[in-house]
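coords_39.txt follows; it contains compact mmCIF, C-alpha atoms and all ligand atoms.
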# COMPACT_ATOMS: atom_id res chain seq x y z
CA MET G 1 45.11 50.09 -1.07
CA ILE G 2 44.98 47.73 -4.03
CA ILE G 3 41.85 45.77 -4.99
CA LEU G 4 42.41 42.06 -5.61
CA ASP G 5 40.44 41.99 -8.84
CA GLY G 6 39.17 38.43 -9.07
CA LYS G 7 37.02 39.24 -12.08
CA THR G 8 39.98 40.22 -14.25
CA VAL G 9 42.38 37.56 -12.93
CA SER G 10 39.77 34.82 -13.38
CA GLN G 11 39.30 35.78 -17.03
CA LYS G 12 43.04 35.46 -17.58
CA ILE G 13 43.01 31.97 -16.02
CA LEU G 14 39.96 30.94 -18.02
CA ASN G 15 41.74 32.02 -21.20
CA GLU G 16 44.78 29.95 -20.25
CA VAL G 17 42.56 26.94 -19.53
CA LYS G 18 40.82 27.41 -22.89
CA GLU G 19 44.16 27.50 -24.68
CA ASN G 20 45.28 24.31 -22.91
CA VAL G 21 42.03 22.50 -23.60
CA SER G 22 42.25 23.39 -27.29
CA LYS G 23 45.60 21.59 -27.44
CA GLN G 24 44.42 18.46 -25.61
CA GLU G 25 43.89 15.41 -27.71
CA ARG G 26 41.49 13.85 -25.24
CA LYS G 27 38.86 16.37 -24.19
CA PRO G 28 37.78 16.81 -20.57
CA HIS G 29 34.17 16.16 -19.60
CA LEU G 30 32.88 17.50 -16.29
CA VAL G 31 29.70 16.03 -14.83
CA VAL G 32 27.96 18.08 -12.14
CA VAL G 33 25.38 16.29 -10.01
CA LEU G 34 22.73 18.54 -8.46
CA VAL G 35 20.32 17.00 -5.96
CA GLY G 36 17.21 18.95 -4.95
CA ASN G 37 16.17 22.55 -5.45
CA ASP G 38 18.55 24.72 -3.44
CA SER G 39 18.36 28.09 -5.22
CA ALA G 40 21.93 29.18 -4.46
CA SER G 41 23.24 25.81 -5.69
CA LYS G 42 21.33 26.23 -8.94
CA ILE G 43 23.02 29.58 -9.56
CA TYR G 44 26.47 28.15 -8.74
CA VAL G 45 25.91 25.24 -11.11
CA LYS G 46 24.77 27.62 -13.90
CA ASN G 47 27.96 29.66 -13.42
CA LYS G 48 30.11 26.54 -13.56
CA GLN G 49 28.38 25.48 -16.79
CA LYS G 50 28.93 28.92 -18.32
CA ALA G 51 32.63 28.81 -17.47
CA ALA G 52 32.89 25.31 -18.93
CA TRP G 53 31.38 26.53 -22.22
CA GLN G 54 33.78 29.47 -22.23
CA THR G 55 36.80 27.19 -21.87
CA GLY G 56 35.70 24.45 -24.25
CA ILE G 57 35.22 21.92 -21.45
CA ARG G 58 32.29 19.62 -22.12
CA SER G 59 29.92 19.72 -19.18
CA THR G 60 26.81 17.80 -18.24
CA VAL G 61 24.48 18.56 -15.36
CA ILE G 62 22.58 15.64 -13.86
CA GLU G 63 19.63 16.89 -11.84
CA MET G 64 18.17 14.50 -9.28
CA PRO G 65 15.02 15.19 -7.23
CA PHE G 66 15.16 16.21 -3.55
CA ASP G 67 13.77 12.83 -2.41
CA THR G 68 16.52 10.84 -4.18
CA GLU G 69 17.66 8.00 -1.96
CA GLU G 70 21.26 7.91 -0.84
CA GLN G 71 21.85 4.59 -2.61
CA GLU G 72 20.55 5.98 -5.91
CA LEU G 73 23.07 8.80 -5.70
CA LEU G 74 25.88 6.37 -4.77
CA ASP G 75 24.93 4.19 -7.75
CA LYS G 76 25.02 7.23 -10.05
CA ILE G 77 28.50 8.15 -8.80
CA GLU G 78 29.73 4.60 -9.33
CA GLU G 79 28.41 4.72 -12.89
CA LEU G 80 30.24 8.03 -13.50
CA ASN G 81 33.43 6.65 -11.91
CA LEU G 82 33.42 3.82 -14.44
CA ARG G 83 32.51 5.85 -17.53
CA GLN G 84 35.57 6.42 -19.72
CA ASP G 85 34.11 9.58 -21.26
CA VAL G 86 33.71 11.31 -17.86
CA THR G 87 36.92 12.90 -16.55
CA GLY G 88 35.56 15.02 -13.68
CA ILE G 89 32.73 14.54 -11.16
CA LEU G 90 31.34 17.27 -8.91
CA VAL G 91 28.46 16.71 -6.50
CA GLN G 92 27.09 20.13 -5.60
CA LEU G 93 26.77 20.69 -1.85
CA PRO G 94 24.73 20.98 0.31
CA LEU G 95 22.87 17.71 -0.13
CA PRO G 96 19.44 17.02 1.37
CA GLN G 97 19.66 16.05 5.07
CA HIS G 98 18.66 12.42 4.53
CA ILE G 99 21.80 11.84 2.45
CA ASP G 100 25.16 11.32 4.20
CA LYS G 101 27.42 13.88 2.52
CA ASN G 102 30.63 12.16 3.64
CA LYS G 103 29.53 8.83 2.21
CA VAL G 104 28.78 10.49 -1.12
CA VAL G 105 32.04 12.44 -1.30
CA THR G 106 33.99 9.28 -0.38
CA ALA G 107 32.37 7.42 -3.27
CA ILE G 108 33.87 9.71 -5.93
CA SER G 109 36.99 8.41 -7.66
CA PRO G 110 39.95 10.54 -6.40
CA LYS G 111 41.20 10.89 -9.96
CA LYS G 112 37.88 12.46 -11.02
CA ASP G 113 37.35 14.47 -7.82
CA VAL G 114 37.70 17.99 -9.28
CA ASP G 115 36.65 19.50 -5.91
CA GLY G 116 39.53 17.77 -4.10
CA PHE G 117 37.10 16.72 -1.34
CA THR G 118 37.63 12.93 -1.20
CA PRO G 119 39.55 11.43 1.75
CA GLU G 120 42.38 10.43 -0.57
CA ASN G 121 42.87 13.95 -1.93
CA VAL G 122 42.40 15.60 1.50
CA GLY G 123 44.81 13.07 3.04
CA ARG G 124 47.38 13.53 0.30
CA LEU G 125 47.35 17.28 0.87
CA ALA G 126 47.66 16.79 4.64
CA ILE G 127 50.70 14.49 4.49
CA GLY G 128 52.51 16.48 1.83
CA LEU G 129 51.78 14.26 -1.17
CA GLU G 130 50.50 15.95 -4.32
CA PRO G 131 46.70 15.54 -4.42
CA TYR G 132 45.12 14.87 -7.80
CA PHE G 133 43.12 18.08 -7.31
CA TYR G 134 43.36 20.99 -4.87
CA PRO G 135 40.03 22.35 -3.53
CA ALA G 136 38.89 25.07 -5.91
CA THR G 137 38.28 27.99 -3.56
CA SER G 138 41.56 27.67 -1.66
CA GLN G 139 43.49 27.19 -4.89
CA GLY G 140 41.67 30.24 -6.31
CA VAL G 141 42.67 32.36 -3.30
CA LEU G 142 46.33 31.44 -3.79
CA MET G 143 46.13 32.09 -7.55
CA LEU G 144 44.79 35.56 -6.73
CA LEU G 145 47.55 36.31 -4.19
CA ASP G 146 50.20 34.99 -6.60
CA GLU G 147 48.91 37.17 -9.42
CA TYR G 148 49.63 40.24 -7.26
CA ASN G 149 53.02 38.79 -6.17
CA ILE G 150 51.99 38.82 -2.52
CA PRO G 151 54.58 36.87 -0.52
CA ILE G 152 53.31 33.97 1.61
CA GLU G 153 56.40 32.23 2.96
CA GLY G 154 57.01 33.06 6.63
CA LYS G 155 53.92 35.31 6.81
CA ASP G 156 51.41 35.23 9.66
CA VAL G 157 48.11 34.08 8.18
CA VAL G 158 44.75 33.95 9.96
CA VAL G 159 42.04 31.78 8.41
CA ILE G 160 38.57 32.38 9.84
CA GLY G 161 36.28 29.37 9.38
CA ARG G 162 37.07 25.66 9.55
CA SER G 163 34.83 24.11 6.91
CA ASN G 164 35.96 21.14 4.83
CA ILE G 165 35.22 23.17 1.68
CA VAL G 166 37.34 26.26 2.46
CA GLY G 167 38.89 26.69 5.93
CA LYS G 168 40.69 23.37 6.40
CA PRO G 169 42.16 23.05 2.88
CA MET G 170 43.13 26.74 3.01
CA VAL G 171 45.17 26.05 6.16
CA GLN G 172 46.91 23.08 4.53
CA MET G 173 47.75 25.04 1.41
CA PHE G 174 49.19 27.98 3.37
CA LEU G 175 51.27 25.52 5.45
CA LYS G 176 52.56 23.99 2.24
CA ARG G 177 53.70 27.49 1.24
CA ASN G 178 55.53 27.87 4.58
CA ALA G 179 53.21 30.41 6.20
CA THR G 180 52.50 30.43 9.95
CA VAL G 181 48.79 29.71 10.15
CA THR G 182 46.20 30.39 12.84
CA ILE G 183 42.74 28.95 12.30
CA CYS G 184 39.87 30.77 14.01
CA HIS G 185 36.23 29.73 14.38
CA SER G 186 33.10 30.34 16.42
CA TYR G 187 34.75 29.19 19.67
CA THR G 188 37.84 31.40 19.25
CA HIS G 189 38.44 33.85 22.11
CA ASP G 190 39.50 37.37 21.21
CA LEU G 191 39.35 37.05 17.44
CA GLU G 192 40.35 40.70 17.19
CA SER G 193 43.83 40.21 18.69
CA LYS G 194 44.46 37.31 16.28
CA ILE G 195 43.39 39.31 13.22
CA LYS G 196 45.41 42.32 14.40
CA THR G 197 48.68 40.39 14.11
CA ALA G 198 47.97 38.84 10.72
CA ASP G 199 49.79 39.75 7.50
CA ILE G 200 47.10 37.89 5.56
CA VAL G 201 43.49 37.28 6.67
CA VAL G 202 41.19 34.88 4.82
CA SER G 203 37.61 35.00 6.08
CA ALA G 204 35.15 32.26 5.12
CA VAL G 205 32.28 32.55 7.57
CA GLY G 206 29.18 34.02 5.92
CA LYS G 207 28.67 36.75 8.55
CA LYS G 208 29.94 40.33 8.87
CA ILE G 209 32.88 39.57 11.13
CA VAL G 210 36.01 41.51 10.06
CA ARG G 211 35.69 45.12 11.19
CA CYS G 212 37.88 48.14 10.64
CA LYS G 213 39.67 48.37 13.99
CA MET G 214 40.67 44.68 13.85
CA VAL G 215 43.06 44.71 10.90
CA LYS G 216 46.78 45.42 10.78
CA ASN G 217 48.03 48.29 8.61
CA ASN G 218 49.06 47.19 5.12
CA SER G 219 47.74 43.65 5.63
CA VAL G 220 46.09 41.55 2.93
CA ILE G 221 42.39 40.79 3.36
CA VAL G 222 40.70 38.03 1.36
CA ASP G 223 36.94 37.79 1.72
CA VAL G 224 35.50 34.37 0.86
CA GLY G 225 32.11 35.05 2.46
CA ILE G 226 29.11 35.85 0.31
CA PHE G 227 25.59 36.37 1.59
CA ARG G 228 22.67 38.80 1.41
CA ASP G 229 22.39 41.47 4.10
CA SER G 230 19.12 42.80 5.58
CA ASP G 231 18.76 45.11 2.53
CA ASN G 232 19.12 42.07 0.23
CA HIS G 233 22.51 43.28 -1.05
CA LEU G 234 25.23 40.75 -1.82
CA THR G 235 28.00 41.29 0.69
CA GLY G 236 30.98 39.57 2.31
CA ASP G 237 32.48 38.95 5.78
CA VAL G 238 34.56 42.13 5.69
CA ASP G 239 33.40 45.67 6.44
CA PHE G 240 34.92 46.72 3.11
CA ASP G 241 34.34 50.49 3.16
CA TYR G 242 36.09 50.99 6.50
CA VAL G 243 38.69 48.24 6.34
CA SER G 244 39.91 49.24 2.87
CA ASP G 245 41.34 52.55 4.20
CA SER G 246 44.09 50.89 6.19
CA VAL G 247 44.95 47.64 4.40
CA GLY G 248 47.41 46.93 1.58
CA PHE G 249 45.26 44.61 -0.52
CA ILE G 250 41.60 43.61 -0.26
CA SER G 251 39.29 41.41 -2.32
CA PRO G 252 35.79 42.78 -3.01
CA VAL G 253 32.47 40.92 -2.82
CA PRO G 254 31.24 40.32 -5.45
CA GLY G 255 34.12 40.22 -7.94
CA GLY G 256 36.85 38.77 -5.72
CA VAL G 257 37.09 35.14 -4.66
CA GLY G 258 33.80 34.06 -6.32
CA PRO G 259 35.03 34.23 -9.94
CA MET G 260 38.42 32.86 -8.84
CA THR G 261 36.71 29.73 -7.47
CA ILE G 262 35.05 29.11 -10.81
CA ALA G 263 38.27 29.68 -12.77
CA SER G 264 40.15 27.40 -10.38
CA LEU G 265 37.50 24.72 -10.82
CA MET G 266 37.87 24.96 -14.60
CA PHE G 267 41.64 24.66 -14.20
CA ASN G 268 40.99 21.44 -12.26
CA SER G 269 38.37 20.21 -14.70
CA SER G 270 40.80 20.52 -17.61
CA LYS G 271 43.08 17.91 -15.99
CA ILE G 272 42.61 14.32 -17.09
CA TYR G 273 43.99 11.38 -15.11
CA GLN G 274 42.47 8.33 -16.70
N1 LIG G 301 28.93 24.24 -2.38
C1 LIG G 301 29.55 25.39 -2.02
N2 LIG G 301 30.81 25.41 -2.46
C2 LIG G 301 31.01 24.24 -3.09
C3 LIG G 301 32.13 23.68 -3.79
O1 LIG G 301 33.22 24.25 -3.88
N3 LIG G 301 31.93 22.45 -4.33
C4 LIG G 301 30.76 21.79 -4.24
N4 LIG G 301 30.67 20.59 -4.78
N5 LIG G 301 29.71 22.27 -3.62
C5 LIG G 301 29.84 23.50 -3.05
This entry written out as structure tokens:
Amino acid sequence: MIILDGKTVSQKILNEVKENVSKQERKPHLVVVLVGNDSASKIYVKNKQKAAWQTGIRSTVIEMPFDTEEQELLDKIEELNLRQDVTGILVQLPLPQHIDKNKVVTAISPKKDVDGFTPENVGRLAIGLEPYFYPATSQGVLMLLDEYNIPIEGKDVVVIGRSNIVGKPMVQMFLKRNATVTICHSYTHDLESKIKTADIVVSAVGKKIVRCKMVKNNSVIVDVGIFRDSDNHLTGDVDFDYVSDSVGFISPVPGGVGPMTIASLMFNSSKIYQ
């Protein structure tokens, strides 16, 4: 069994991004918009800022209070869309309930949409056009698999979870790489039999769902989930200690996909379109 070491691979990518940024004449500037007080979001945003510093990407965090009106946020995005000195815009999710997330994401200029969440970028990916940006987590998962030379073409891949942030773009990106993809979710019957046939499993659920007896020998297991268990330990979707005995490759939590997402986001943030 080989550990997919996201911590080490992400550092390598961050160093490459840093090198590229140092050669750029026009410097990238990422603006992160954080609405409200979600504690997990605050930690994510801090980590993104740290990575930006490490790579020489200018970053600004705009904090807006929880009771910000939707229109105020839309106006802020429009201002950032128009600003020549801003090359990337990221609105941290989740947003407070009174704000329509889809309306906000749609307002971001596709050429500054470093998350790859706007309808134009999602649509481009879906119809086989190059999006301006690929969603960071899915791109990070593929960067990790590629670093270990894990073949994707023609492989049977199971993606568990169908979120717009991870599951759906992950499916599109595996299709683009000519994998055969099955997408599973809370209504899926007999998840076990689906996982059992998979060469590659990507789990993005946020619950302990992938157990030892489910996985195929020598398969590749990528754990996108991260949450705290009843003992307050950070853990992932996969029963790591048991599953790791039989699989070929497995990503740990923490230290797997998490740092890859950040590195992938910095890779995106270093790109400048206008
Ligand atoms: N919240 C959880 N993951 C993400 C992400 O990748 N991007 C944004 N903007 N918010 C998130």
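The binding environment of ligand LIG 301 (chain G), defined as every protein, DNA or RNA residue with an atom no more than 7 Å away and counting all atoms listed in the file, comprises Ser41, Leu90, Val91, Gln92, Leu93, Pro94, Asp115, Ala136, Thr137 and Ile165 of chain G.
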Using only C-alpha atoms, which residues of region 78-167 of chain G come within 6 Å of region 25-30 of chain G, and what is the closest atom pair for each, with the distance in Å to one decimal? Give it as a Markdown table, sorted by chain and residue number.
| residue | atom | partner | partner_atom | distance |
| --- | --- | --- | --- | --- |
| G:Val86 | CA | G:His29 | CA | 5.2 |
| G:Thr87 | CA | G:His29 | CA | 5.2 |
| G:Gly88 | CA | G:Leu30 | CA | 4.5 |
| G:Ile89 | CA | G:Leu30 | CA | 5.9 |
Would you save the residues from that selection as a compact mmCIF listing (two decimals), in the coordinates of the input, using C-alpha atoms?
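The result, written out as part.txt:
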# COMPACT_ATOMS: atom_id res chain seq x y z
CA VAL G 86 33.71 11.31 -17.86
CA THR G 87 36.92 12.90 -16.55
CA GLY G 88 35.56 15.02 -13.68
CA ILE G 89 32.73 14.54 -11.16
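Taking CA of Tyr273 (chain G) as the reference point, CA of Arg162 (chain G) is found at 29.3 Å.
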Original post:
Taking only C-alpha atoms into account, which of G:Asn37, G:Thr68, G:Ser186, G:Gln84 comes nearest Ala204 (chain G)?
Top reply: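 Counting only C-alpha atoms, the residue closest to Ala204 (chain G) is G:Ser186.
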**OP:** Give as a list in words each residue that has an atom at most 8 Å from (44.5, 49.6, 3.4) in the file, counting all atoms listed in the file.
**Re:** Met1, Ile2, Asn217, Asn218, Ser219, Val243, Ser244, Asp245, Ser246, Val247, Gly248, Phe249 and Ile250 of chain G
Original post:
Of the candidates G:Thr197, G:Gln11, G:Gln274, G:Ser138, which one gets nearest to Pro169 (chain G) if we count all atoms listed in the file?
Top reply: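 Closest to Pro169 (chain G) of all the choices is G:Ser138.
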Original post:
Do you have the CA of Lys168 (chain G)-CA of Gly128 (chain G) distance handy?
Top reply: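 The value is 14.4 Å.
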Subject >> Length of the CA of Val166 (chain G) to CA of Lys12 (chain G) vector [Å] >> reply: 22.8 Å
Subject >> Residue among G:Asn178, G:Gln172, G:Gln139, G:Asn15 lying closest to Ile152 (chain G), counting all atoms listed in the file >> reply: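 That would be G:Asn178, the residue with the smallest distance to Ile152 (chain G).
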Original post:
Excluding same-chain residues fewer than 3 positions from Val35 (chain G), what lies within 12 Å of it counting all atoms listed in the file, as a ChimeraX atom specification?
Top reply: /G:32,38-39,41-42,45,61-70,72-73,76,90-99,101,104
Around (39.0, 37.4, 7.9), as given in the file, which residues come within 9 Å? Count all atoms listed in the file and list them as a CSV table (one decimal) with C-alpha atoms, in the coordinates of the input.
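In the end it all went to result17.csv:
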chain,number,residue,atom,x,y,z
G,158,VAL,CA,44.8,34.0,10.0
G,159,VAL,CA,42.0,31.8,8.4
G,160,ILE,CA,38.6,32.4,9.8
G,161,GLY,CA,36.3,29.4,9.4
G,195,ILE,CA,43.4,39.3,13.2
G,200,ILE,CA,47.1,37.9,5.6
G,201,VAL,CA,43.5,37.3,6.7
G,202,VAL,CA,41.2,34.9,4.8
G,203,SER,CA,37.6,35.0,6.1
G,204,ALA,CA,35.2,32.3,5.1
G,205,VAL,CA,32.3,32.6,7.6
G,209,ILE,CA,32.9,39.6,11.1
G,210,VAL,CA,36.0,41.5,10.1
G,215,VAL,CA,43.1,44.7,10.9
G,221,ILE,CA,42.4,40.8,3.4
G,222,VAL,CA,40.7,38.0,1.4
G,223,ASP,CA,36.9,37.8,1.7
G,224,VAL,CA,35.5,34.4,0.9
G,237,ASP,CA,32.5,39.0,5.8
G,238,VAL,CA,34.6,42.1,5.7
Original post:
Restricting the calculation to only C-alpha atoms, which member of G:Pro259, G:Ser269, G:Leu142, G:Asp229 is positioned closest to Lys18 (chain G)?
Top reply: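 Looking only at the distances to Lys18 (chain G), the closest residue turns out to be G:Ser269.
For the residues G:Leu14, G:Met260, G:Ala198, G:Leu129, ranking by smallest atom-to-atom distance to Lys176 (chain G) using all atoms listed in the file places G:Leu129 first.
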Original post:
Between G:Glu147, G:Asp241, G:Asp199, G:Asp75, which has the minimum distance to Asp5 (chain G) (counting only C-alpha atoms)?
Top reply: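 That would be G:Glu147, the residue with the smallest distance to Asp5 (chain G).
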Kindly provide, as AutoDock Vina command-line options, the centre and edge lengths (Å, one decimal) of an axis-aligned box around all atoms of region 134-147 of chain G given in the file, with 4 Å on each side.
--center_x 44.2 --center_y 29.1 --center_z -5.5 --size_x 19.9 --size_y 24.2 --size_z 15.8
